>>> print(open('final_37.tsv').read())   # TSV, N, CA and C atoms
chain	number	residue	atom	x	y	z
H	1	MET	N	35.82	15.15	-43.44
H	1	MET	CA	34.38	15.22	-43.61
H	1	MET	C	33.98	16.69	-43.76
H	2	SER	N	33.41	17.02	-44.85
H	2	SER	CA	33.03	18.40	-45.09
H	2	SER	C	31.56	18.60	-44.77
H	3	ASP	N	31.25	19.77	-44.24
H	3	ASP	CA	29.86	20.10	-43.88
H	3	ASP	C	29.25	20.86	-45.04
H	4	SER	N	28.22	20.28	-45.65
H	4	SER	CA	27.62	20.91	-46.82
H	4	SER	C	26.40	21.75	-46.45
H	5	ARG	N	26.24	22.06	-45.16
H	5	ARG	CA	25.09	22.87	-44.74
H	5	ARG	C	25.42	24.35	-44.94
H	6	THR	N	24.37	25.10	-45.12
H	6	THR	CA	24.54	26.54	-45.27
H	6	THR	C	24.65	27.17	-43.90
H	7	PRO	N	25.17	28.37	-43.81
H	7	PRO	CA	25.24	29.05	-42.51
H	7	PRO	C	23.87	29.20	-41.84
H	8	ALA	N	22.83	29.39	-42.62
H	8	ALA	CA	21.47	29.51	-42.06
H	8	ALA	C	21.03	28.19	-41.44
H	9	GLN	N	21.38	27.06	-42.13
H	9	GLN	CA	21.02	25.75	-41.59
H	9	GLN	C	21.78	25.47	-40.30
H	10	ILE	N	23.06	25.83	-40.28
H	10	ILE	CA	23.87	25.64	-39.07
H	10	ILE	C	23.31	26.47	-37.93
H	11	GLU	N	22.97	27.71	-38.22
H	11	GLU	CA	22.41	28.59	-37.20
H	11	GLU	C	21.07	28.04	-36.69
H	12	ALA	N	20.22	27.53	-37.59
H	12	ALA	CA	18.94	26.96	-37.19
H	12	ALA	C	19.16	25.72	-36.32
H	13	ASP	N	20.17	24.92	-36.66
H	13	ASP	CA	20.50	23.74	-35.87
H	13	ASP	C	20.97	24.15	-34.47
H	14	ILE	N	21.77	25.18	-34.40
H	14	ILE	CA	22.26	25.68	-33.10
H	14	ILE	C	21.09	26.16	-32.25
H	15	VAL	N	20.17	26.89	-32.83
H	15	VAL	CA	19.00	27.39	-32.11
H	15	VAL	C	18.15	26.22	-31.59
H	16	ARG	N	17.94	25.22	-32.46
H	16	ARG	CA	17.15	24.05	-32.07
H	16	ARG	C	17.83	23.32	-30.91
H	17	ARG	N	19.13	23.12	-31.01
H	17	ARG	CA	19.85	22.42	-29.93
H	17	ARG	C	19.85	23.24	-28.64
H	18	ARG	N	19.94	24.54	-28.75
H	18	ARG	CA	19.90	25.41	-27.58
H	18	ARG	C	18.55	25.29	-26.89
H	19	ASP	N	17.47	25.27	-27.70
H	19	ASP	CA	16.12	25.11	-27.14
H	19	ASP	C	15.97	23.76	-26.45
H	20	LEU	N	16.48	22.70	-27.06
H	20	LEU	CA	16.42	21.36	-26.46
H	20	LEU	C	17.22	21.32	-25.15
H	21	LEU	N	18.38	21.95	-25.15
H	21	LEU	CA	19.20	22.00	-23.95
H	21	LEU	C	18.49	22.77	-22.83
H	22	ALA	N	17.86	23.88	-23.17
H	22	ALA	CA	17.12	24.67	-22.17
H	22	ALA	C	15.97	23.85	-21.60
H	23	GLU	N	15.27	23.13	-22.46
H	23	GLU	CA	14.16	22.28	-22.02
H	23	GLU	C	14.67	21.17	-21.09
H	24	THR	N	15.79	20.57	-21.45
H	24	THR	CA	16.37	19.51	-20.62
H	24	THR	C	16.79	20.06	-19.25
H	25	LEU	N	17.41	21.23	-19.26
H	25	LEU	CA	17.84	21.84	-17.99
H	25	LEU	C	16.63	22.19	-17.12
H	26	ASP	N	15.57	22.67	-17.73
H	26	ASP	CA	14.35	22.97	-16.97
H	26	ASP	C	13.79	21.69	-16.33
H	27	GLU	N	13.78	20.61	-17.11
H	27	GLU	CA	13.28	19.34	-16.60
H	27	GLU	C	14.15	18.83	-15.43
H	28	ILE	N	15.46	18.95	-15.56
H	28	ILE	CA	16.36	18.54	-14.48
H	28	ILE	C	16.11	19.40	-13.25
H	29	GLY	N	15.91	20.69	-13.46
H	29	GLY	CA	15.63	21.59	-12.34
H	29	GLY	C	14.37	21.20	-11.59
H	30	VAL	N	13.35	20.78	-12.32
H	30	VAL	CA	12.11	20.35	-11.67
H	30	VAL	C	12.34	19.05	-10.91
H	31	ARG	N	13.07	18.12	-11.51
H	31	ARG	CA	13.32	16.81	-10.87
H	31	ARG	C	14.11	16.93	-9.58
H	32	VAL	N	15.07	17.83	-9.51
H	32	VAL	CA	15.92	17.93	-8.32
H	32	VAL	C	15.41	18.96	-7.32
H	33	HIS	N	14.30	19.60	-7.61
H	33	HIS	CA	13.74	20.58	-6.68
H	33	HIS	C	13.27	19.85	-5.42
H	34	PRO	N	13.54	20.40	-4.24
H	34	PRO	CA	13.16	19.72	-2.99
H	34	PRO	C	11.67	19.36	-2.91
H	35	LYS	N	10.81	20.23	-3.39
H	35	LYS	CA	9.37	19.93	-3.35
H	35	LYS	C	9.04	18.71	-4.20
H	36	THR	N	9.70	18.58	-5.34
H	36	THR	CA	9.48	17.42	-6.21
H	36	THR	C	9.97	16.15	-5.53
H	37	ILE	N	11.14	16.22	-4.93
H	37	ILE	CA	11.72	15.05	-4.24
H	37	ILE	C	10.82	14.64	-3.08
H	38	ILE	N	10.36	15.60	-2.29
H	38	ILE	CA	9.48	15.30	-1.17
H	38	ILE	C	8.15	14.74	-1.67
H	39	GLY	N	7.61	15.32	-2.72
H	39	GLY	CA	6.36	14.82	-3.28
H	39	GLY	C	6.49	13.39	-3.78
H	40	ASP	N	7.60	13.09	-4.45
H	40	ASP	CA	7.83	11.73	-4.92
H	40	ASP	C	7.94	10.75	-3.75
H	41	ALA	N	8.65	11.17	-2.71
H	41	ALA	CA	8.81	10.31	-1.53
H	41	ALA	C	7.46	10.06	-0.86
H	42	LYS	N	6.65	11.12	-0.74
H	42	LYS	CA	5.32	10.96	-0.15
H	42	LYS	C	4.46	10.01	-0.98
H	43	ALA	N	4.54	10.13	-2.28
H	43	ALA	CA	3.76	9.26	-3.16
H	43	ALA	C	4.19	7.81	-3.01
H	44	LYS	N	5.49	7.56	-2.89
H	44	LYS	CA	5.98	6.20	-2.71
H	44	LYS	C	5.52	5.62	-1.38
H	45	VAL	N	5.59	6.43	-0.32
H	45	VAL	CA	5.14	5.97	1.00
H	45	VAL	C	3.64	5.68	0.96
H	46	ALA	N	2.87	6.56	0.36
H	46	ALA	CA	1.42	6.35	0.28
H	46	ALA	C	1.10	5.08	-0.50
H	47	ALA	N	1.81	4.85	-1.58
H	47	ALA	CA	1.57	3.64	-2.37
H	47	ALA	C	1.92	2.39	-1.56
H	48	THR	N	3.01	2.45	-0.80
H	48	THR	CA	3.40	1.31	0.03
H	48	THR	C	2.37	1.06	1.11
H	49	VAL	N	1.90	2.12	1.76
H	49	VAL	CA	0.89	1.97	2.81
H	49	VAL	C	-0.40	1.41	2.22
H	50	ASP	N	-0.82	1.93	1.07
H	50	ASP	CA	-2.04	1.42	0.42
H	50	ASP	C	-1.90	-0.06	0.08
H	51	HIS	N	-0.73	-0.43	-0.43
H	51	HIS	CA	-0.50	-1.83	-0.80
H	51	HIS	C	-0.53	-2.72	0.45
H	52	THR	N	0.14	-2.27	1.52
H	52	THR	CA	0.19	-3.04	2.77
H	52	THR	C	-1.20	-3.14	3.39
H	53	ALA	N	-1.93	-2.04	3.40
H	53	ALA	CA	-3.29	-2.06	3.96
H	53	ALA	C	-4.19	-2.97	3.14
H	54	GLY	N	-4.04	-2.94	1.84
H	54	GLY	CA	-4.83	-3.82	0.98
H	54	GLY	C	-4.54	-5.29	1.26
H	55	ARG	N	-3.26	-5.62	1.41
H	55	ARG	CA	-2.89	-7.00	1.72
H	55	ARG	C	-3.42	-7.41	3.08
H	56	ALA	N	-3.36	-6.51	4.06
H	56	ALA	CA	-3.87	-6.81	5.40
H	56	ALA	C	-5.38	-7.02	5.35
H	57	PHE	N	-6.08	-6.21	4.59
H	57	PHE	CA	-7.53	-6.36	4.46
H	57	PHE	C	-7.88	-7.71	3.85
H	58	VAL	N	-7.16	-8.09	2.80
H	58	VAL	CA	-7.42	-9.39	2.15
H	58	VAL	C	-7.16	-10.53	3.12
H	59	ALA	N	-6.06	-10.44	3.88
H	59	ALA	CA	-5.73	-11.50	4.83
H	59	ALA	C	-6.79	-11.58	5.94
H	60	ALA	N	-7.21	-10.43	6.45
H	60	ALA	CA	-8.24	-10.42	7.50
H	60	ALA	C	-9.56	-10.95	6.96
H	61	ASN	N	-9.90	-10.58	5.76
H	61	ASN	CA	-11.14	-11.05	5.15
H	61	ASN	C	-11.10	-12.57	4.96
H	62	ARG	N	-9.96	-13.07	4.52
H	62	ARG	CA	-9.80	-14.52	4.32
H	62	ARG	C	-9.92	-15.24	5.67
H	63	LEU	N	-9.29	-14.70	6.71
H	63	LEU	CA	-9.35	-15.31	8.04
H	63	LEU	C	-10.78	-15.32	8.56
H	64	LEU	N	-11.48	-14.21	8.40
H	64	LEU	CA	-12.87	-14.12	8.85
H	64	LEU	C	-13.76	-15.12	8.10
H	65	THR	N	-13.53	-15.25	6.82
H	65	THR	CA	-14.31	-16.22	6.02
H	65	THR	C	-14.02	-17.64	6.48
H	66	ASP	N	-12.77	-17.93	6.77
H	66	ASP	CA	-12.41	-19.27	7.25
H	66	ASP	C	-13.05	-19.56	8.60
H	67	VAL	N	-13.00	-18.60	9.51
H	67	VAL	CA	-13.61	-18.78	10.84
H	67	VAL	C	-15.11	-18.96	10.70
H	68	LYS	N	-15.73	-18.14	9.88
H	68	LYS	CA	-17.17	-18.24	9.67
H	68	LYS	C	-17.54	-19.62	9.11
H	69	ALA	N	-16.73	-20.10	8.17
H	69	ALA	CA	-17.01	-21.41	7.57
H	69	ALA	C	-16.93	-22.53	8.60
H	70	ARG	N	-16.11	-22.36	9.63
H	70	ARG	CA	-15.99	-23.38	10.68
H	70	ARG	C	-17.20	-23.40	11.61
H	71	PHE	N	-17.86	-22.28	11.77
H	71	PHE	CA	-18.94	-22.18	12.74
H	71	PHE	C	-20.34	-22.04	12.14
H	72	VAL	N	-20.43	-21.92	10.81
H	72	VAL	CA	-21.73	-21.73	10.17
H	72	VAL	C	-21.82	-22.66	8.96
H	73	HIS	N	-22.97	-23.32	8.80
H	73	HIS	CA	-23.21	-24.15	7.62
H	73	HIS	C	-23.38	-23.27	6.40
H	74	HIS	N	-23.32	-23.87	5.22
H	74	HIS	CA	-23.49	-23.11	3.97
H	74	HIS	C	-24.85	-22.42	3.89
H	75	ASP	N	-25.85	-22.99	4.55
H	75	ASP	CA	-27.18	-22.39	4.51
H	75	ASP	C	-27.35	-21.28	5.55
H	76	GLY	N	-26.31	-21.03	6.35
H	76	GLY	CA	-26.35	-19.95	7.34
H	76	GLY	C	-26.69	-20.42	8.75
H	77	ALA	N	-27.03	-21.68	8.92
H	77	ALA	CA	-27.36	-22.20	10.25
H	77	ALA	C	-26.07	-22.43	11.04
H	78	PRO	N	-26.09	-22.13	12.34
H	78	PRO	CA	-24.87	-22.33	13.14
H	78	PRO	C	-24.55	-23.82	13.30
H	79	ARG	N	-23.29	-24.15	13.36
H	79	ARG	CA	-22.84	-25.52	13.60
H	79	ARG	C	-22.71	-25.68	15.12
H	80	LEU	N	-23.78	-26.15	15.73
H	80	LEU	CA	-23.83	-26.23	17.19
H	80	LEU	C	-22.74	-27.12	17.76
H	81	GLU	N	-22.34	-28.15	17.04
H	81	GLU	CA	-21.29	-29.04	17.53
H	81	GLU	C	-19.94	-28.32	17.67
H	82	ARG	N	-19.81	-27.16	17.02
H	82	ARG	CA	-18.58	-26.37	17.14
H	82	ARG	C	-18.81	-25.11	17.96
H	83	VAL	N	-20.00	-24.53	17.89
H	83	VAL	CA	-20.28	-23.28	18.61
H	83	VAL	C	-20.36	-23.52	20.11
H	84	VAL	N	-21.05	-24.58	20.54
H	84	VAL	CA	-21.26	-24.82	21.97
H	84	VAL	C	-19.94	-25.02	22.71
H	85	PRO	N	-19.01	-25.88	22.25
H	85	PRO	CA	-17.75	-26.02	23.00
H	85	PRO	C	-16.95	-24.71	23.09
H	86	VAL	N	-16.94	-23.94	22.01
H	86	VAL	CA	-16.21	-22.67	22.05
H	86	VAL	C	-16.88	-21.71	23.02
H	87	ALA	N	-18.20	-21.65	23.01
H	87	ALA	CA	-18.92	-20.77	23.93
H	87	ALA	C	-18.66	-21.18	25.37
H	88	LEU	N	-18.66	-22.47	25.66
H	88	LEU	CA	-18.37	-22.95	27.01
H	88	LEU	C	-16.94	-22.60	27.43
H	89	ALA	N	-16.00	-22.72	26.50
H	89	ALA	CA	-14.61	-22.36	26.81
H	89	ALA	C	-14.49	-20.87	27.11
H	90	VAL	N	-15.16	-20.05	26.34
H	90	VAL	CA	-15.12	-18.59	26.57
H	90	VAL	C	-15.73	-18.26	27.93
H	91	VAL	N	-16.86	-18.86	28.24
H	91	VAL	CA	-17.50	-18.62	29.53
H	91	VAL	C	-16.57	-19.06	30.66
H	92	GLY	N	-15.91	-20.21	30.50
H	92	GLY	CA	-14.98	-20.68	31.51
H	92	GLY	C	-13.82	-19.74	31.73
H	93	VAL	N	-13.22	-19.25	30.64
H	93	VAL	CA	-12.09	-18.32	30.76
H	93	VAL	C	-12.53	-17.02	31.42
H	94	VAL	N	-13.68	-16.50	31.03
H	94	VAL	CA	-14.20	-15.26	31.64
H	94	VAL	C	-14.47	-15.49	33.12
H	95	GLY	N	-15.02	-16.66	33.46
H	95	GLY	CA	-15.28	-16.97	34.86
H	95	GLY	C	-13.99	-17.04	35.67
H	96	LEU	N	-12.98	-17.68	35.11
H	96	LEU	CA	-11.69	-17.76	35.81
H	96	LEU	C	-11.07	-16.37	35.98
H	97	LEU	N	-11.17	-15.55	34.97
H	97	LEU	CA	-10.64	-14.18	35.09
H	97	LEU	C	-11.41	-13.39	36.15
H	98	ALA	N	-12.71	-13.58	36.22
H	98	ALA	CA	-13.52	-12.87	37.21
H	98	ALA	C	-13.14	-13.34	38.61
H	99	LEU	N	-12.96	-14.64	38.80
H	99	LEU	CA	-12.56	-15.16	40.10
H	99	LEU	C	-11.17	-14.67	40.48
H	100	SER	N	-10.26	-14.65	39.52
H	100	SER	CA	-8.91	-14.20	39.77
H	100	SER	C	-8.90	-12.73	40.19
H	101	THR	N	-9.70	-11.91	39.55
H	101	THR	CA	-9.78	-10.49	39.88
H	101	THR	C	-10.40	-10.30	41.26
H	102	ARG	N	-11.40	-11.12	41.56
H	102	ARG	CA	-12.08	-11.01	42.84
H	102	ARG	C	-11.15	-11.39	43.99
H	103	LYS	N	-10.31	-12.41	43.79
H	103	LYS	CA	-9.38	-12.85	44.83
H	103	LYS	C	-8.32	-11.78	45.08
H	104	ARG	N	-7.89	-11.08	44.08
H	104	ARG	CA	-6.88	-10.02	44.25
H	104	ARG	C	-7.42	-8.87	45.08
H	105	LYS	N	-8.68	-8.56	44.93
H	105	LYS	CA	-9.28	-7.44	45.67
H	105	LYS	C	-9.45	-7.76	47.14
H	106	VAL	N	-9.61	-9.04	47.47
H	106	VAL	CA	-9.87	-9.43	48.86
H	106	VAL	C	-8.64	-9.45	49.69
>>> encode(input="final_37.tsv", output="C-alpha coordinates")
Amino acid sequence: MSDSRTPAQIEADIVRRRDLLAETLDEIGVRVHPKTIIGDAKAKVAATVDHTAGRAFVAANRLLTDVKARFVHHDGAPRLERVVPVALAVVGVVGLLALSTRKRKV
(Lines of atoms letter the chains of each structure in order from A and count residues from 1; the text may use other names and numbers.)
(Lines give C-alpha, C1' and ligand atoms only; values in the text may rest on other atoms or scores of the structure.)
Protein backbone atom coordinates (compact mmCIF):
# COMPACT_ATOMS: atom_id res chain seq x y z
CA MET A 1 0.00 0.00 0.00
CA SER A 2 1.61 3.22 -1.09
CA ASP A 3 0.97 6.56 0.59
CA SER A 4 0.13 9.18 -2.01
CA ARG A 5 0.12 12.08 0.48
CA THR A 6 2.62 14.86 0.26
CA PRO A 7 5.07 15.51 3.09
CA ALA A 8 3.08 18.65 4.00
CA GLN A 9 -0.12 16.59 4.27
CA ILE A 10 1.63 13.98 6.43
CA GLU A 11 3.05 16.70 8.65
CA ALA A 12 -0.39 18.36 8.96
CA ASP A 13 -1.90 14.98 9.87
CA ILE A 14 0.77 14.45 12.54
CA VAL A 15 0.08 17.91 14.01
CA ARG A 16 -3.67 17.24 14.04
CA ARG A 17 -3.21 13.86 15.73
CA ARG A 18 -0.80 15.37 18.26
CA ASP A 19 -3.39 18.04 19.12
CA LEU A 20 -6.11 15.38 19.51
CA LEU A 21 -3.82 13.30 21.71
CA ALA A 22 -3.01 16.33 23.89
CA GLU A 23 -6.72 17.11 24.23
CA THR A 24 -7.46 13.49 25.17
CA LEU A 25 -4.68 13.46 27.76
CA ASP A 26 -5.96 16.72 29.26
CA GLU A 27 -9.45 15.23 29.51
CA ILE A 28 -8.10 12.08 31.19
CA GLY A 29 -6.14 14.25 33.60
CA VAL A 30 -9.30 16.10 34.59
CA ARG A 31 -11.28 12.87 35.00
CA VAL A 32 -8.73 11.21 37.31
CA HIS A 33 -7.99 14.33 39.37
CA PRO A 34 -8.95 13.75 43.03
CA LYS A 35 -11.16 16.84 43.13
CA THR A 36 -13.12 15.58 40.12
CA ILE A 37 -13.51 12.12 41.64
CA ILE A 38 -14.66 13.59 44.96
CA GLY A 39 -17.03 15.98 43.20
CA ASP A 40 -18.56 13.13 41.19
CA ALA A 41 -18.98 11.04 44.35
CA LYS A 42 -20.63 13.95 46.17
CA ALA A 43 -22.99 14.50 43.25
CA LYS A 44 -23.97 10.82 43.23
CA VAL A 45 -24.61 10.83 46.98
CA ALA A 46 -26.65 14.03 46.73
CA ALA A 47 -28.73 12.57 43.91
CA THR A 48 -29.34 9.39 45.91
CA VAL A 49 -30.35 11.37 49.00
CA ASP A 50 -32.66 13.60 46.94
CA HIS A 51 -34.25 10.55 45.34
CA THR A 52 -34.69 8.79 48.71
CA ALA A 53 -36.08 11.93 50.36
CA GLY A 54 -38.48 12.41 47.47
CA ARG A 55 -39.73 8.84 47.76
CA ALA A 56 -40.12 9.22 51.53
CA PHE A 57 -42.08 12.45 51.06
CA VAL A 58 -44.41 10.79 48.56
CA ALA A 59 -44.95 7.81 50.87
CA ALA A 60 -45.62 10.06 53.88
CA ASN A 61 -47.98 12.22 51.85
CA ARG A 62 -49.86 9.14 50.64
CA LEU A 63 -50.12 7.80 54.21
CA LEU A 64 -51.38 11.14 55.51
CA THR A 65 -53.97 11.32 52.73
CA ASP A 66 -55.14 7.79 53.52
CA VAL A 67 -55.43 8.54 57.26
CA LYS A 68 -57.27 11.78 56.55
CA ALA A 69 -59.68 9.96 54.23
CA ARG A 70 -60.51 7.53 57.06
CA PHE A 71 -61.39 10.28 59.53
CA VAL A 72 -62.83 13.06 57.34
CA HIS A 73 -65.70 13.02 54.82
CA HIS A 74 -65.14 14.38 51.30
CA ASP A 75 -66.88 17.60 52.32
CA GLY A 76 -64.40 18.10 55.19
CA ALA A 77 -66.72 17.09 58.05
CA PRO A 78 -65.21 14.71 60.61
CA ARG A 79 -66.41 11.09 60.61
CA LEU A 80 -67.51 10.94 64.24
CA GLU A 81 -68.10 7.18 64.08
CA ARG A 82 -64.33 6.81 63.56
CA VAL A 83 -62.96 9.85 65.42
CA VAL A 84 -64.70 9.20 68.77
CA PRO A 85 -63.42 5.61 69.29
CA VAL A 86 -59.86 6.63 68.40
CA ALA A 87 -60.04 9.66 70.71
CA LEU A 88 -61.33 7.46 73.55
CA ALA A 89 -58.52 4.96 72.95
CA VAL A 90 -55.91 7.73 73.03
CA VAL A 91 -57.36 9.16 76.24
CA GLY A 92 -57.34 5.66 77.76
CA VAL A 93 -53.71 5.01 76.85
CA VAL A 94 -52.63 8.43 78.17
CA GLY A 95 -54.57 7.76 81.37
CA LEU A 96 -52.92 4.38 81.84
CA LEU A 97 -49.49 5.90 81.25
CA ALA A 98 -50.23 8.65 83.78
CA LEU A 99 -51.35 6.10 86.37
CA SER A 100 -48.32 3.93 85.68
CA THR A 101 -45.97 6.90 86.14
CA ARG A 102 -47.76 7.94 89.31
CA LYS A 103 -47.46 4.46 90.84
CA ARG A 104 -43.71 4.37 90.17
CA LYS A 105 -43.17 7.64 92.02
CA VAL A 106 -45.02 6.43 95.12
>>> atom_distance(input="final_37.tsv", atom1="atom C of Ile28 (chain H)", atom2="CA of Lys44 (chain H)")
19.7 Å
>>> select_by_dssp(input="final_37.tsv", residues="chain H", states="helix (DSSP H, G or I)", output="MDAnalysis selection string")
chainID H and resid 7:32 34:71 80:105
>>> closest_residue(input="final_37.tsv", among="H:Leu25, H:Lys103, H:Ile10, H:Arg70", to="Val83 (chain H)", atoms="only N, CA and C atoms")
H:Arg70
>>> atom_distance(input="final_37.tsv", atom1="CA of Thr36 (chain H)", atom2="CA of Thr52 (chain H)")
24.2 Å
>>> atom_distance(input="final_37.tsv", atom1="atom C of Pro78 (chain H)", atom2="CA of Leu64 (chain H)")
15.8 Å
>>> axis_aligned_box(input="final_37.tsv", around="region 98-101 of chain H", padding_each_side="3 Å", output="JSON")
{"center_x": -11.2, "center_y": -12.7, "center_z": 38.7, "size_x": 10.6, "size_y": 10.9, "size_z": 11.0}
>>> decode(input="final_37.tsv", residues="region 35-76 of chain H", atoms="N, CA and C atoms", output="short mmCIF file (atom, residue, chain, number, x, y, z; two decimals), in the first residue's frame")
data_model
loop_
_atom_site.label_atom_id
_atom_site.label_comp_id
_atom_site.auth_asym_id
_atom_site.auth_seq_id
_atom_site.Cartn_x
_atom_site.Cartn_y
_atom_site.Cartn_z
N LYS H 35 -10.03 15.93 42.94
CA LYS H 35 -11.16 16.84 43.13
C LYS H 35 -12.34 16.45 42.24
N THR H 36 -12.05 16.01 41.02
CA THR H 36 -13.12 15.58 40.12
C THR H 36 -13.78 14.32 40.64
N ILE H 37 -12.98 13.38 41.10
CA ILE H 37 -13.51 12.12 41.64
C ILE H 37 -14.38 12.40 42.86
N ILE H 38 -13.89 13.25 43.77
CA ILE H 38 -14.66 13.59 44.96
C ILE H 38 -15.94 14.32 44.59
N GLY H 39 -15.85 15.25 43.65
CA GLY H 39 -17.03 15.98 43.20
C GLY H 39 -18.08 15.05 42.60
N ASP H 40 -17.63 14.10 41.79
CA ASP H 40 -18.56 13.13 41.19
C ASP H 40 -19.22 12.28 42.27
N ALA H 41 -18.43 11.85 43.26
CA ALA H 41 -18.98 11.04 44.35
C ALA H 41 -20.00 11.84 45.15
N LYS H 42 -19.68 13.10 45.44
CA LYS H 42 -20.63 13.95 46.17
C LYS H 42 -21.92 14.13 45.38
N ALA H 43 -21.80 14.32 44.09
CA ALA H 43 -22.99 14.50 43.25
C ALA H 43 -23.85 13.24 43.25
N LYS H 44 -23.22 12.07 43.20
CA LYS H 44 -23.97 10.82 43.23
C LYS H 44 -24.69 10.64 44.57
N VAL H 45 -23.99 10.95 45.66
CA VAL H 45 -24.61 10.83 46.98
C VAL H 45 -25.77 11.81 47.11
N ALA H 46 -25.58 13.03 46.66
CA ALA H 46 -26.65 14.03 46.73
C ALA H 46 -27.86 13.59 45.91
N ALA H 47 -27.62 13.04 44.75
CA ALA H 47 -28.73 12.57 43.91
C ALA H 47 -29.47 11.42 44.58
N THR H 48 -28.72 10.52 45.22
CA THR H 48 -29.34 9.39 45.91
C THR H 48 -30.16 9.89 47.09
N VAL H 49 -29.62 10.82 47.86
CA VAL H 49 -30.35 11.37 49.00
C VAL H 49 -31.60 12.10 48.53
N ASP H 50 -31.49 12.90 47.48
CA ASP H 50 -32.66 13.60 46.94
C ASP H 50 -33.73 12.62 46.49
N HIS H 51 -33.30 11.56 45.82
CA HIS H 51 -34.25 10.55 45.34
C HIS H 51 -34.93 9.86 46.52
N THR H 52 -34.15 9.47 47.53
CA THR H 52 -34.69 8.79 48.71
C THR H 52 -35.62 9.72 49.48
N ALA H 53 -35.22 10.97 49.65
CA ALA H 53 -36.08 11.93 50.36
C ALA H 53 -37.37 12.17 49.59
N GLY H 54 -37.28 12.24 48.29
CA GLY H 54 -38.48 12.41 47.47
C GLY H 54 -39.43 11.24 47.61
N ARG H 55 -38.89 10.03 47.59
CA ARG H 55 -39.73 8.84 47.76
C ARG H 55 -40.35 8.81 49.15
N ALA H 56 -39.58 9.19 50.17
CA ALA H 56 -40.12 9.22 51.53
C ALA H 56 -41.23 10.26 51.65
N PHE H 57 -41.05 11.41 51.03
CA PHE H 57 -42.08 12.45 51.06
C PHE H 57 -43.36 11.96 50.41
N VAL H 58 -43.23 11.31 49.26
CA VAL H 58 -44.41 10.79 48.56
C VAL H 58 -45.12 9.75 49.41
N ALA H 59 -44.35 8.85 50.03
CA ALA H 59 -44.95 7.81 50.87
C ALA H 59 -45.65 8.43 52.08
N ALA H 60 -45.01 9.40 52.72
CA ALA H 60 -45.62 10.06 53.88
C ALA H 60 -46.88 10.82 53.47
N ASN H 61 -46.82 11.48 52.34
CA ASN H 61 -47.98 12.22 51.85
C ASN H 61 -49.14 11.27 51.55
N ARG H 62 -48.83 10.13 50.95
CA ARG H 62 -49.86 9.14 50.64
C ARG H 62 -50.47 8.60 51.94
N LEU H 63 -49.63 8.31 52.93
CA LEU H 63 -50.12 7.80 54.21
C LEU H 63 -51.01 8.83 54.89
N LEU H 64 -50.59 10.08 54.90
CA LEU H 64 -51.38 11.14 55.51
C LEU H 64 -52.73 11.30 54.81
N THR H 65 -52.72 11.22 53.50
CA THR H 65 -53.97 11.32 52.73
C THR H 65 -54.90 10.16 53.06
N ASP H 66 -54.33 8.97 53.18
CA ASP H 66 -55.14 7.79 53.52
C ASP H 66 -55.74 7.93 54.92
N VAL H 67 -54.93 8.37 55.87
CA VAL H 67 -55.43 8.54 57.26
C VAL H 67 -56.52 9.61 57.28
N LYS H 68 -56.28 10.71 56.59
CA LYS H 68 -57.27 11.78 56.55
C LYS H 68 -58.58 11.28 55.94
N ALA H 69 -58.48 10.48 54.88
CA ALA H 69 -59.68 9.96 54.23
C ALA H 69 -60.48 9.07 55.17
N ARG H 70 -59.82 8.40 56.11
CA ARG H 70 -60.51 7.53 57.06
C ARG H 70 -61.27 8.33 58.13
N PHE H 71 -60.80 9.52 58.43
CA PHE H 71 -61.39 10.28 59.53
C PHE H 71 -62.16 11.53 59.11
N VAL H 72 -62.16 11.85 57.81
CA VAL H 72 -62.83 13.06 57.34
C VAL H 72 -63.63 12.71 56.08
N HIS H 73 -64.88 13.20 56.02
CA HIS H 73 -65.70 13.02 54.82
C HIS H 73 -65.14 13.87 53.69
N HIS H 74 -65.60 13.61 52.47
CA HIS H 74 -65.14 14.38 51.30
C HIS H 74 -65.45 15.86 51.44
N ASP H 75 -66.51 16.19 52.16
CA ASP H 75 -66.88 17.60 52.32
C ASP H 75 -66.09 18.28 53.45
N GLY H 76 -65.24 17.53 54.14
CA GLY H 76 -64.40 18.10 55.19
C GLY H 76 -64.94 17.89 56.59
#
